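Here is target-v6.txt, consisting of compact mmCIF, C-alpha atoms:
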```txt
# COMPACT_ATOMS: atom_id res chain seq x y z
CA MET A 1 84.52 79.67 98.98
CA LYS A 2 82.96 83.01 99.83
CA ASN A 3 86.35 84.63 100.44
CA ALA A 4 88.08 83.17 97.37
CA LEU A 5 88.88 86.58 95.88
CA HIS A 6 90.47 87.65 99.16
CA ARG A 7 92.67 84.55 99.20
CA MET A 8 93.67 84.88 95.54
CA ASN A 9 97.32 85.64 94.84
CA PRO A 10 97.52 89.44 94.33
CA SER A 11 99.95 89.26 91.40
CA VAL A 12 97.78 86.74 89.59
CA LYS A 13 94.73 88.89 90.28
CA PHE A 14 96.59 91.94 89.01
CA LEU A 15 97.58 90.21 85.77
CA ALA A 16 94.10 88.76 85.20
CA ILE A 17 92.51 92.20 85.63
CA THR A 18 95.04 93.87 83.32
CA ILE A 19 94.43 91.30 80.58
CA CYS A 20 90.67 91.81 80.90
CA MET A 21 91.03 95.59 80.60
CA PHE A 22 93.20 95.48 77.52
CA THR A 23 90.86 93.07 75.81
CA MET A 24 87.89 95.32 76.56
CA ALA A 25 89.62 98.28 74.88
CA PHE A 26 89.06 96.66 71.46
CA PHE A 27 85.26 96.68 71.65
CA PHE A 28 83.02 99.57 70.69
CA ASP A 29 79.57 98.02 70.94
CA PRO A 30 77.44 98.55 74.04
CA TRP A 31 76.85 94.86 74.84
CA THR A 32 80.41 93.64 75.38
CA PRO A 33 81.25 96.01 78.27
CA LEU A 34 77.73 95.65 79.69
CA VAL A 35 77.91 91.85 79.79
CA PHE A 36 81.42 92.07 81.19
CA TRP A 37 80.37 94.54 83.87
CA VAL A 38 77.51 92.25 84.98
CA GLY A 39 79.94 89.31 84.95
CA VAL A 40 82.38 91.16 87.22
CA LEU A 41 79.57 92.06 89.62
CA VAL A 42 78.43 88.42 89.75
CA LEU A 43 82.01 87.28 90.43
CA GLN A 44 82.36 89.81 93.19
CA PHE A 45 78.99 88.91 94.67
CA PHE A 46 79.73 85.20 94.93
CA PHE A 47 83.44 85.16 95.76
CA SER A 48 84.07 88.10 98.06
CA GLU A 49 82.89 89.41 101.40
CA ILE A 50 82.88 93.16 100.96
CA ASP A 51 80.87 95.98 102.39
CA TRP A 52 78.49 96.82 99.55
CA LYS A 53 77.64 100.19 101.06
CA LYS A 54 81.30 101.14 100.78
CA TRP A 55 81.35 99.78 97.25
CA LEU A 56 78.42 101.98 96.28
CA LEU A 57 80.08 105.02 97.82
CA PHE A 58 83.24 104.43 95.75
CA MET A 59 81.23 103.74 92.61
CA LEU A 60 79.11 106.89 92.84
CA PRO A 61 81.65 109.27 91.23
CA PHE A 62 82.12 106.80 88.40
CA PHE A 63 78.43 106.85 87.58
CA VAL A 64 78.82 110.62 87.20
CA THR A 65 81.92 110.13 85.01
CA ALA A 66 80.12 107.53 82.90
CA PHE A 67 77.33 110.03 82.31
CA GLY A 68 79.90 112.65 81.25
CA TYR A 69 81.38 110.20 78.74
CA PHE A 70 77.89 109.40 77.52
CA TRP A 71 76.82 112.86 76.55
CA THR A 72 80.17 114.12 75.23
CA THR A 73 80.43 111.08 72.99
CA LEU A 74 76.94 111.81 71.67
CA VAL A 75 77.92 115.38 70.84
CA PHE A 76 81.52 114.96 69.66
CA ALA A 77 81.51 111.48 68.12
CA GLU A 78 83.02 111.30 64.68
CA ASP A 79 81.19 108.46 62.96
CA GLY A 80 77.71 109.79 62.13
CA SER A 81 76.52 106.91 59.97
CA GLY A 82 73.38 104.84 60.57
CA SER A 83 69.78 105.86 60.98
CA VAL A 84 68.79 108.81 63.13
CA VAL A 85 67.25 107.61 66.38
CA TRP A 86 66.88 110.83 68.27
CA SER A 87 67.06 114.54 67.61
CA ILE A 88 67.23 117.45 70.04
CA TRP A 89 67.34 121.02 68.75
CA ASN A 90 69.41 120.70 65.61
CA LEU A 91 71.49 117.82 66.90
CA GLN A 92 70.91 114.51 65.14
CA ILE A 93 71.93 111.42 67.05
CA THR A 94 72.48 108.34 64.94
CA GLU A 95 72.48 104.72 65.97
CA THR A 96 76.27 104.42 65.68
CA GLN A 97 76.82 107.44 67.91
CA LEU A 98 74.39 106.12 70.50
CA ASN A 99 76.13 102.73 70.45
CA HIS A 100 79.56 104.31 70.87
CA ALA A 101 78.33 106.50 73.71
CA LEU A 102 76.73 103.59 75.56
CA SER A 103 79.84 101.48 74.96
CA LEU A 104 82.21 104.06 76.45
CA SER A 105 79.98 104.64 79.49
CA PHE A 106 79.67 100.92 80.17
CA ARG A 107 83.41 100.63 79.71
CA VAL A 108 83.96 103.21 82.45
CA LEU A 109 81.63 101.27 84.73
CA ALA A 110 83.23 97.90 83.88
CA PHE A 111 86.76 99.23 84.45
CA SER A 112 85.89 100.85 87.76
CA SER A 113 84.10 97.78 89.12
CA LEU A 114 87.06 95.66 88.10
CA SER A 115 89.39 98.08 89.88
CA LEU A 116 87.19 98.12 92.98
CA LEU A 117 87.14 94.35 92.98
CA PHE A 118 90.91 94.50 93.27
CA ALA A 119 91.08 97.37 95.74
CA LEU A 120 88.51 95.98 98.15
CA THR A 121 89.80 92.41 98.25
CA THR A 122 93.57 92.96 98.35
CA ASN A 123 95.80 93.63 101.32
CA PRO A 124 98.39 96.25 100.23
CA VAL A 125 101.32 94.64 102.04
CA THR A 126 100.52 91.21 100.63
CA PHE A 127 100.36 92.78 97.18
CA ILE A 128 103.89 94.20 97.47
CA LEU A 129 105.27 90.96 98.93
CA SER A 130 103.63 89.04 96.12
CA LEU A 131 105.07 91.40 93.47
CA MET A 132 108.49 90.71 94.97
CA GLN A 133 108.10 86.94 95.22
CA GLN A 134 106.12 86.14 92.06
CA LEU A 135 106.93 88.97 89.65
CA LYS A 136 110.57 89.43 90.72
CA LEU A 137 110.29 93.06 91.79
CA SER A 138 113.57 94.30 93.23
CA PRO A 139 113.58 94.01 97.07
CA LYS A 140 115.09 97.49 97.26
CA ILE A 141 112.03 98.96 95.61
CA ALA A 142 109.56 96.64 97.36
CA TYR A 143 110.75 97.51 100.86
CA GLY A 144 111.19 101.17 99.87
CA VAL A 145 107.54 101.31 98.86
CA MET A 146 106.51 99.68 102.13
CA VAL A 147 108.48 102.24 104.13
CA GLY A 148 106.65 105.00 102.28
CA TYR A 149 103.35 103.30 102.92
CA GLN A 150 104.05 103.03 106.66
CA PHE A 151 104.76 106.76 106.79
CA LEU A 152 101.34 107.61 105.39
CA PRO A 153 99.60 108.28 108.74
CA VAL A 154 102.58 110.36 109.92
CA LEU A 155 102.46 112.48 106.78
CA LYS A 156 98.71 112.87 107.09
CA ASP A 157 99.12 114.23 110.64
CA GLU A 158 101.87 116.53 109.43
CA PHE A 159 99.62 117.84 106.66
CA ILE A 160 96.98 118.82 109.24
CA LEU A 161 99.64 120.25 111.56
CA ILE A 162 101.15 122.52 108.90
CA GLY A 163 97.69 123.70 107.89
CA GLN A 164 96.95 124.58 111.51
CA ALA A 165 100.28 126.38 111.87
CA HIS A 166 99.47 128.46 108.80
CA ARG A 167 96.11 129.43 110.19
CA LEU A 168 97.59 130.26 113.60
CA ARG A 169 99.97 132.72 112.02
CA GLY A 170 97.19 134.27 109.96
CA ALA A 171 98.10 133.00 106.51
CA SER A 172 95.16 133.86 104.29
CA GLU A 173 92.23 131.49 104.41
CA GLU A 174 91.25 129.98 101.07
CA LYS A 175 87.61 130.11 100.23
CA ASN A 176 86.92 128.46 96.90
CA THR A 177 88.16 125.17 95.50
CA LEU A 178 90.56 126.68 92.98
CA GLN A 179 92.31 128.78 95.63
CA ARG A 180 92.52 125.77 97.91
CA LEU A 181 94.15 123.73 95.12
CA LEU A 182 96.70 126.49 94.53
CA GLY A 183 97.24 126.80 98.29
CA VAL A 184 98.44 123.19 98.41
CA ARG A 185 101.75 124.58 97.14
CA ARG A 186 102.46 126.36 100.43
CA ILE A 187 101.90 123.20 102.45
CA LEU A 188 103.77 121.03 99.96
CA ILE A 189 107.29 122.38 100.47
CA PRO A 190 107.47 121.96 104.26
CA MET A 191 105.93 118.51 103.86
CA LEU A 192 108.47 117.48 101.23
CA ALA A 193 111.35 118.84 103.32
CA GLY A 194 110.11 116.69 106.20
CA ALA A 195 109.80 113.73 103.85
CA VAL A 196 113.44 114.09 102.74
CA ARG A 197 114.65 113.92 106.35
CA LYS A 198 112.40 110.97 107.17
CA ALA A 199 113.61 109.13 104.09
CA GLU A 200 117.24 109.56 105.05
CA ARG A 201 116.64 108.43 108.62
CA ALA A 202 114.64 105.38 107.52
CA ALA A 203 117.24 104.39 104.93
CA PHE A 204 120.10 104.68 107.43
CA ALA A 205 118.13 102.62 109.95
CA MET A 206 117.49 99.90 107.39
CA GLU A 207 121.11 99.73 106.34
CA ALA A 208 122.31 99.77 109.94
CA ARG A 209 120.21 96.63 110.51
CA GLY A 210 121.87 94.84 107.62
CA PHE A 211 119.46 95.46 104.74
CA THR A 212 121.48 95.19 101.53
CA GLY A 213 118.73 95.00 98.94
CA GLU A 214 119.92 91.59 97.77
CA ARG A 215 117.34 89.01 96.76
CA ARG A 216 116.74 86.33 99.39
CA SER A 217 116.34 82.63 98.81
CA SER A 218 113.60 82.30 101.42
CA TYR A 219 111.05 84.62 102.95
CA PHE A 220 109.43 84.92 106.36
CA ARG A 221 106.01 85.39 104.79
CA VAL A 222 105.64 83.15 101.78
CA ILE A 223 102.98 84.15 99.26
CA SER A 224 102.08 81.16 97.13
CA ILE A 225 100.01 80.34 94.07
CA GLY A 226 97.41 77.62 94.55
CA LYS A 227 94.32 75.96 93.18
CA VAL A 228 92.12 78.95 94.07
CA ASP A 229 94.13 81.11 91.70
CA ALA A 230 93.79 78.71 88.79
CA ALA A 231 90.06 78.40 89.35
CA LEU A 232 89.51 82.16 89.57
CA VAL A 233 91.65 82.89 86.52
CA ILE A 234 89.51 80.43 84.57
CA LEU A 235 86.38 82.21 85.84
CA PHE A 236 87.77 85.63 84.83
CA LEU A 237 88.62 84.33 81.37
CA PHE A 238 85.19 82.71 81.13
CA VAL A 239 83.49 86.06 81.80
CA LEU A 240 85.82 87.73 79.30
CA VAL A 241 85.12 85.18 76.55
CA LEU A 242 81.40 85.26 77.34
CA SER A 243 81.26 89.03 76.87
CA CYS A 244 83.40 89.02 73.73
CA THR A 245 81.30 86.33 72.05
CA HIS A 246 77.92 87.74 73.01
CA ILE A 247 77.07 88.11 69.30
CA TRP A 248 76.68 84.37 69.01
CA TRP A 249 74.54 83.72 72.03
CA LEU A 250 72.57 86.96 72.30
CA GLY A 251 71.67 86.86 68.62
CA MET B 1 120.28 99.89 86.72
CA LEU B 2 119.40 99.69 90.39
CA LYS B 3 122.96 98.78 91.41
CA SER B 4 124.06 102.41 91.40
CA TRP B 5 121.07 103.50 93.47
CA LYS B 6 121.44 104.27 97.14
CA LEU B 7 118.73 103.06 99.46
CA LYS B 8 118.05 106.57 100.69
CA GLU B 9 117.28 107.68 97.15
CA ILE B 10 114.72 104.92 96.72
CA VAL B 11 113.11 105.65 100.08
CA LEU B 12 113.07 109.35 99.16
CA MET B 13 111.18 108.58 95.96
CA SER B 14 108.79 106.42 97.90
CA LEU B 15 108.07 109.17 100.44
CA PHE B 16 107.62 111.76 97.70
CA ALA B 17 105.27 109.30 96.06
CA VAL B 18 103.21 109.18 99.25
CA VAL B 19 103.01 112.97 99.50
CA PHE B 20 102.11 113.31 95.83
CA GLY B 21 99.85 110.27 96.00
CA ILE B 22 97.66 112.30 98.34
CA VAL B 23 97.84 115.32 96.01
CA TYR B 24 97.06 113.14 92.98
CA LEU B 25 94.00 111.67 94.65
CA LEU B 26 92.77 115.16 95.51
CA PHE B 27 93.02 116.19 91.87
CA LEU B 28 91.47 112.92 90.72
CA HIS B 29 88.33 113.67 92.70
CA VAL B 30 88.16 117.19 91.30
CA GLY B 31 88.67 115.75 87.80
CA ASN B 32 85.99 113.11 88.31
CA ILE B 33 83.42 115.64 89.36
CA TRP B 34 84.23 117.87 86.39
CA ALA B 35 84.20 114.93 84.00
CA GLY B 36 80.55 114.41 84.85
CA PHE B 37 79.76 117.84 83.43
CA ILE B 38 82.15 118.27 80.54
CA GLY B 39 83.28 114.72 79.73
CA PRO B 40 86.82 113.33 79.53
CA ILE B 41 88.29 116.69 78.49
CA ALA B 42 87.96 117.72 82.16
CA TYR B 43 91.09 115.76 83.04
CA GLU B 44 93.23 117.43 80.39
CA TRP B 45 93.61 120.80 82.16
CA ILE B 46 95.03 119.25 85.28
CA PHE B 47 96.80 116.29 83.69
CA GLY B 48 100.23 117.82 84.24
CA ILE B 49 99.94 117.34 87.99
CA TRP B 50 100.16 113.55 87.51
CA PHE B 51 103.61 113.82 85.89
CA ILE B 52 105.12 116.10 88.50
CA VAL B 53 106.69 113.45 90.73
CA SER B 54 108.81 111.99 87.92
CA ILE B 55 110.16 115.41 87.02
CA ILE B 56 110.89 116.42 90.62
CA CYS B 57 112.65 113.13 91.41
CA MET B 58 114.74 113.22 88.24
CA TYR B 59 115.67 116.85 88.88
CA ILE B 60 116.83 115.96 92.40
CA ILE B 61 118.41 112.51 91.97
CA ARG B 62 119.68 112.73 88.36
CA LYS B 63 120.19 109.04 87.74
CA PRO B 64 118.89 106.98 84.81
CA GLY B 65 115.50 105.55 85.73
CA ALA B 66 114.55 108.16 88.32
CA ALA B 67 111.57 109.37 86.27
CA VAL B 68 110.03 106.02 85.46
CA VAL B 69 110.70 104.37 88.83
CA SER B 70 109.33 107.30 90.84
CA GLU B 71 106.18 107.60 88.75
CA THR B 72 105.60 103.85 89.04
CA ILE B 73 106.07 103.96 92.82
CA ALA B 74 103.67 106.90 93.03
CA ALA B 75 101.09 104.92 91.09
CA ALA B 76 101.65 101.86 93.28
CA ILE B 77 101.20 103.97 96.42
CA GLU B 78 97.98 105.38 94.99
CA VAL B 79 96.76 101.83 94.53
CA LEU B 80 97.84 100.93 98.08
CA LEU B 81 95.87 103.89 99.41
CA GLY B 82 92.85 101.99 98.16
CA ASN B 83 91.48 104.26 95.48
CA ALA B 84 88.91 103.10 93.02
CA VAL B 85 90.91 103.56 89.83
CA GLY B 86 92.84 100.52 90.91
CA PRO B 87 95.62 98.47 89.38
CA ARG B 88 95.49 100.02 85.92
CA LEU B 89 97.03 103.13 87.48
CA ILE B 90 100.31 101.26 87.85
CA LEU B 91 100.46 100.73 84.12
CA SER B 92 99.62 104.34 83.33
CA GLY B 93 102.30 105.37 85.85
CA VAL B 94 104.92 103.33 84.00
CA ILE B 95 103.88 104.86 80.68
CA GLN B 96 103.87 108.44 81.97
CA GLY B 97 107.27 107.88 83.55
CA LEU B 98 108.66 106.47 80.31
CA GLY B 99 107.54 109.61 78.48
CA ALA B 100 109.58 111.84 80.79
CA GLU B 101 112.44 109.35 80.92
CA ALA B 102 112.73 109.36 77.11
CA VAL B 103 113.37 113.12 77.10
CA PHE B 104 115.98 112.94 79.87
CA ALA B 105 117.64 109.99 78.12
CA ALA B 106 117.79 112.03 74.90
CA THR B 107 119.91 114.62 76.74
CA ARG B 108 122.03 111.75 78.20
CA TYR B 109 121.02 112.86 81.70
CA LYS B 110 123.29 115.90 81.36
CA ARG B 111 120.90 118.84 81.15
CA PHE B 112 118.30 119.72 83.74
CA ASP B 113 117.29 123.27 82.86
CA LEU B 114 113.74 124.56 82.59
CA TRP B 115 113.39 123.71 78.89
CA VAL B 116 114.34 120.08 79.36
CA LEU B 117 111.96 119.75 82.32
CA MET B 118 109.14 121.26 80.29
CA LEU B 119 109.94 118.94 77.39
CA ALA B 120 109.83 116.01 79.82
CA GLY B 121 106.32 117.13 80.80
CA VAL B 122 105.40 117.18 77.11
CA GLY B 123 106.92 113.69 76.68
CA SER B 124 104.74 112.36 79.50
CA SER B 125 101.72 114.08 77.94
CA ILE B 126 102.24 112.43 74.59
CA PHE B 127 102.95 108.96 75.98
CA SER B 128 99.96 109.07 78.31
CA PHE B 129 97.70 110.41 75.57
CA VAL B 130 98.50 107.51 73.26
CA TYR B 131 97.73 105.10 76.08
CA GLY B 132 94.53 106.97 77.00
CA TYR B 133 93.50 107.08 73.35
CA PHE B 134 93.59 103.32 73.24
CA LEU B 135 92.12 102.47 76.64
CA GLY B 136 89.59 105.32 76.82
CA GLY B 137 88.32 104.69 73.30
CA PHE B 138 89.02 108.26 72.12
CA SER B 139 88.95 107.05 68.52
CA VAL B 140 85.18 107.53 68.44
CA TYR B 141 85.60 111.30 68.86
CA GLY B 142 86.07 113.72 65.99
CA THR B 143 89.63 114.63 64.97
CA GLY B 144 89.25 118.26 66.04
CA TYR B 145 88.11 117.29 69.52
CA VAL B 146 90.98 114.82 69.98
CA ALA B 147 93.47 117.44 68.78
CA LEU B 148 92.05 119.91 71.29
CA MET B 149 92.41 117.36 74.10
CA LEU B 150 96.00 116.59 73.11
CA GLY B 151 96.85 120.30 72.86
CA ILE B 152 95.51 121.06 76.32
CA ARG B 153 97.30 118.05 77.78
CA ILE B 154 100.65 119.05 76.27
CA LEU B 155 100.23 122.57 77.60
CA SER B 156 99.29 121.23 81.02
CA GLY B 157 102.27 118.84 81.02
CA ALA B 158 104.71 121.63 80.17
CA MET B 159 103.26 124.18 82.58
CA ILE B 160 102.17 122.21 85.65
CA ALA B 161 104.69 119.35 85.52
CA GLY B 162 107.65 121.17 83.97
CA MET B 163 107.47 124.66 85.45
CA GLY B 164 105.59 123.64 88.59
CA GLY B 165 107.91 120.73 89.24
CA LYS B 166 110.97 122.94 88.93
CA ALA B 167 109.42 125.55 91.24
CA VAL B 168 108.68 122.95 93.92
CA ALA B 169 112.14 121.37 93.68
CA ASP B 170 113.89 124.76 93.76
CA GLY B 171 111.82 125.75 96.77
CA LEU B 172 112.86 122.52 98.43
CA LEU B 173 116.51 123.11 97.57
CA ALA B 174 116.31 126.50 99.28
CA THR B 175 115.27 124.82 102.54
CA GLY B 176 118.65 123.06 102.59
CA SER B 177 117.25 119.60 103.11
CA LEU B 178 118.59 118.30 99.81
CA ARG B 179 122.27 118.28 100.76
CA GLY B 180 123.72 114.97 99.72
CA TYR B 181 121.67 114.65 96.55
CA ALA B 182 122.85 115.30 93.02
CA ILE B 183 120.87 118.54 92.73
CA SER B 184 122.95 120.42 95.31
CA ARG B 185 126.25 118.95 94.13
CA SER B 186 125.85 120.44 90.66
CA LYS B 187 125.28 123.89 92.12
CA LYS B 188 128.44 123.85 94.22
CA GLY B 189 130.81 122.36 91.65
CA GLU B 190 131.02 118.78 92.95
CA ALA B 191 131.73 119.89 96.51
CA ARG B 192 129.89 117.62 98.93
CA ALA B 193 128.32 118.84 102.13
```

How does the structure come out when it is put into structure tokens?
Amino acid sequence: MKNALHRMNPSVKFLAITICMFTMAFFFDPWTPLVFWVGVLVLQFFFSEIDWKKWLLFMLPFFVTAFGYFWTTLVFAEDGSGSVVWSIWNLQITETQLNHALSLSFRVLAFSSLSLLFALTTNPVTFILSLMQQLKLSPKIAYGVMVGYQFLPVLKDEFILIGQAHRLRGASEEKNTLQRLLGVRRILIPMLAGAVRKAERAAFAMEARGFTGERRSSYFRVISIGKVDAALVILFLFVLVLSCTHIWWLG
Amino acid sequence: MLKSWKLKEIVLMSLFAVVFGIVYLLFLHVGNIWAGFIGPIAYEWIFGIWFIVSIICMYIIRKPGAAVVSETIAAAIEVLLGNAVGPRLILSGVIQGLGAEAVFAATRYKRFDLWVLMLAGVGSSIFSFVYGYFLGGFSVYGTGYVALMLGIRILSGAMIAGMGGKAVADGLLATGSLRGYAISRSKKGEARA
């Protein structure tokens, strides 16, 4: 029971989360995203075994972002109707503006927790296999993506290697962040050239072993949809409906 | 659509997606930190970087679908890397890719000069802005502020994605590793290496 979210079918989870997000986009009051956010946290608390310290670390930047949304909405919001609740200098903040600002910040928090719920409970390879088996993704693309994913550590090493080579030959050291971002360009081209060669080699190897990209009738690793998925989808929808209808039960 | 695709082209897109997935994440962190200080407009300056992979792949491969498929793969790889923006990135990837794809389709996949690439960046900007407007709740902001955001994003799409993408792809072409792709065939009058 505790690992239900981990066992959930990734495609079903993906669809459930997408539906929740699109529904949330229609609400501009502070309570709907707040209730939804709490609901997502409760779901994650009871049905997943994640490292909450890691969760907090990932969430931290989003708290900052939510704050950014909060104050810019206060300053730049269009609808200035309602009674004034707060005034700083010559800036008048009305109830509507405050509600919109709170709503957008809670929306950021709700969306990022929902995304983290997915990221922390889903195995990437299972996700791709499930996209291929349940959502009919083309095997050519599915296995192509997995090849790219397997090359990630190699490319990471190469990134460090090229950086070291640059330093060894006395290419100028970047000091501030902006210069470092622009300096990515110099590392990018050798990395991409390497990537082109790796891609060709991998593709030839796959074809040499008989990979045609045709859809199979059976798979070595079968990803199925079961009772857990139905139960969790109902729970997700329950949280969604609960947050959308809060007007009736919160008063 | 995928019938005419070679496997090596798909794997190439996937590997580019990994390289740019790392770059995208780097910029996302920078954007997130800035957004804390100056709100959602922080992302607009650097938004063009997120369209770059679709433009580079289309410029190199030159087949219908290269823009939208590569951008979607890049988004999927970003999700696989385990970042916190999560599955909704895949959807925004599809939408950004469609924006660039629409421009290339309008030229019937015949022209790949700087202007078309910059227009493709603008196409991605507009498509992604409409999507962001809806999902980010931009409708609460004043019209002037939204117009400013859109203006900066269009500029960023044209400059970073269009011009930057062409610069990267041309630099790559000069290394000689792109023999056997459509980009080097067009330069040598259909002669294949």

Atomic separation - CA of Leu173 in chain B relative to CA of Ala193 in chain A, Å =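 Taking CA of Ala193 in chain A and CA of Leu173 in chain B, their separation equals 8.8 Å.
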
Taking all atoms listed in the file into account, which of B:Gly165, B:Phe138, B:Phe112, B:Leu80 comes nearest Ser54 in chain B?
-> B:Gly165

Work out how far apart CA of Glu214 in chain A and CA of Ile10 in chain B are and give it in Å to one decimal.
->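 Rounded to one decimal, the two atoms are 14.3 Å apart.
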
Residues of chain B within 6 Å of chain A, only C-alpha atoms counted, as a VMD selection string | chain B and resid 7 to 8 11 to 12 14 to 15 35 to 37 39 80 82 84 to 86 135 140 to 142 172 177

Within 10 Å of Asp113 in chain B using all atoms listed in the file, minus same-chain residues under 3 positions, as a list in words |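 These residues fall inside the cut-off: Tyr59, Lys110, Val116, Leu117, Met118, Gly162 and Lys166 of chain B.
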
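Using only C-alpha atoms, the smallest distance between any of B:Ile49, B:Cys57, B:Ile41, B:Leu28 and Ala147 in chain B comes from B:Ile41.
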
Using only C-alpha atoms, which residues sit within 10 Å of range 235-242 of chain A once same-chain residues fewer than 2 positions away are excluded, as a list of chain:residue names?
-> A:Lys13, A:Ala16, A:Ile17, A:Ile19, A:Cys20, A:Met21, A:Thr23, A:Met24, A:Thr32, A:Pro33, A:Val35, A:Phe36, A:Trp37, A:Val38, A:Gly39, A:Val40, A:Val42, A:Leu43, A:Asp229, A:Ala230, A:Ala231, A:Leu232, A:Val233, A:Cys244, A:Thr245, A:His246, A:Ile247, A:Trp248, A:Trp249

Separation of CA of Thr72 in chain B from CA of Ile90 in chain B, in Å and rounded to one decimal |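 CA of Ile90 in chain B lies 6.0 Å from CA of Thr72 in chain B.
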
Neighbours of range 157-161 of chain B within 7 Å (only C-alpha atoms; same-chain residues fewer than 4 positions away dropped), as a list in words?
->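 What passes the distance filter is Phe47, Gly48, Ile49, Phe51, Ile52, Ile55, Met118, Leu119, Gly121, Val122, Ser125, Arg153 and Gly165 of chain B.
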
Pick from B:Ile73, B:Val19, B:Lys3, B:Phe127: nearest to Val154 in chain A, with all atoms listed in the file counted?
->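 Comparing B:Ile73, B:Val19, B:Lys3, B:Phe127 against Val154 in chain A, the winner is B:Val19.
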
From the coordinates I just gave you, please extract range 21-38 of chain B so that only N, CA and C atoms remain, then output it as a PDB file, in the first residue's frame.
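New file selection-v1.pdb:
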```
ATOM      1  N   GLY B  21      19.358  18.934 -23.199  1.00  0.00           N
ATOM      2  CA  GLY B  21      18.639  18.741 -21.946  1.00  0.00           C
ATOM      3  C   GLY B  21      19.454  19.265 -20.782  1.00  0.00           C
ATOM      4  N   ILE B  22      20.762  18.987 -20.805  1.00  0.00           N
ATOM      5  CA  ILE B  22      21.641  19.484 -19.747  1.00  0.00           C
ATOM      6  C   ILE B  22      21.691  21.016 -19.792  1.00  0.00           C
ATOM      7  N   VAL B  23      21.848  21.562 -21.013  1.00  0.00           N
ATOM      8  CA  VAL B  23      21.896  23.022 -21.162  1.00  0.00           C
ATOM      9  C   VAL B  23      20.587  23.659 -20.690  1.00  0.00           C
ATOM     10  N   TYR B  24      19.470  23.034 -21.075  1.00  0.00           N
ATOM     11  CA  TYR B  24      18.151  23.568 -20.700  1.00  0.00           C
ATOM     12  C   TYR B  24      18.006  23.634 -19.187  1.00  0.00           C
ATOM     13  N   LEU B  25      18.451  22.542 -18.534  1.00  0.00           N
ATOM     14  CA  LEU B  25      18.295  22.503 -17.081  1.00  0.00           C
ATOM     15  C   LEU B  25      19.127  23.594 -16.421  1.00  0.00           C
ATOM     16  N   LEU B  26      20.318  23.826 -16.977  1.00  0.00           N
ATOM     17  CA  LEU B  26      21.195  24.880 -16.471  1.00  0.00           C
ATOM     18  C   LEU B  26      20.475  26.230 -16.515  1.00  0.00           C
ATOM     19  N   PHE B  27      19.854  26.502 -17.666  1.00  0.00           N
ATOM     20  CA  PHE B  27      19.153  27.767 -17.840  1.00  0.00           C
ATOM     21  C   PHE B  27      17.900  27.833 -16.970  1.00  0.00           C
ATOM     22  N   LEU B  28      17.274  26.675 -16.771  1.00  0.00           N
ATOM     23  CA  LEU B  28      16.066  26.645 -15.949  1.00  0.00           C
ATOM     24  C   LEU B  28      16.388  27.075 -14.522  1.00  0.00           C
ATOM     25  N   HIS B  29      17.538  26.618 -14.010  1.00  0.00           N
ATOM     26  CA  HIS B  29      17.910  26.995 -12.650  1.00  0.00           C
ATOM     27  C   HIS B  29      18.189  28.483 -12.573  1.00  0.00           C
ATOM     28  N   VAL B  30      18.914  29.003 -13.584  1.00  0.00           N
ATOM     29  CA  VAL B  30      19.177  30.441 -13.622  1.00  0.00           C
ATOM     30  C   VAL B  30      17.858  31.211 -13.653  1.00  0.00           C
ATOM     31  N   GLY B  31      16.928  30.740 -14.522  1.00  0.00           N
ATOM     32  CA  GLY B  31      15.624  31.385 -14.648  1.00  0.00           C
ATOM     33  C   GLY B  31      14.852  31.350 -13.340  1.00  0.00           C
ATOM     34  N   ASN B  32      14.882  30.198 -12.669  1.00  0.00           N
ATOM     35  CA  ASN B  32      14.145  30.057 -11.419  1.00  0.00           C
ATOM     36  C   ASN B  32      14.628  31.036 -10.364  1.00  0.00           C
ATOM     37  N   ILE B  33      15.950  31.182 -10.295  1.00  0.00           N
ATOM     38  CA  ILE B  33      16.493  32.084  -9.288  1.00  0.00           C
ATOM     39  C   ILE B  33      16.074  33.519  -9.596  1.00  0.00           C
ATOM     40  N   TRP B  34      16.181  33.889 -10.889  1.00  0.00           N
ATOM     41  CA  TRP B  34      15.781  35.234 -11.287  1.00  0.00           C
ATOM     42  C   TRP B  34      14.304  35.478 -11.063  1.00  0.00           C
ATOM     43  N   ALA B  35      13.484  34.438 -11.326  1.00  0.00           N
ATOM     44  CA  ALA B  35      12.039  34.601 -11.197  1.00  0.00           C
ATOM     45  C   ALA B  35      11.651  34.972  -9.770  1.00  0.00           C
ATOM     46  N   GLY B  36      12.462  34.548  -8.805  1.00  0.00           N
ATOM     47  CA  GLY B  36      12.183  34.912  -7.428  1.00  0.00           C
ATOM     48  C   GLY B  36      12.282  36.412  -7.209  1.00  0.00           C
ATOM     49  N   PHE B  37      13.157  37.063  -7.982  1.00  0.00           N
ATOM     50  CA  PHE B  37      13.342  38.500  -7.797  1.00  0.00           C
ATOM     51  C   PHE B  37      12.423  39.325  -8.687  1.00  0.00           C
ATOM     52  N   ILE B  38      12.320  38.935  -9.958  1.00  0.00           N
ATOM     53  CA  ILE B  38      11.565  39.797 -10.867  1.00  0.00           C
ATOM     54  C   ILE B  38      10.351  39.121 -11.473  1.00  0.00           C
TER      55      ILE B  38
END
```
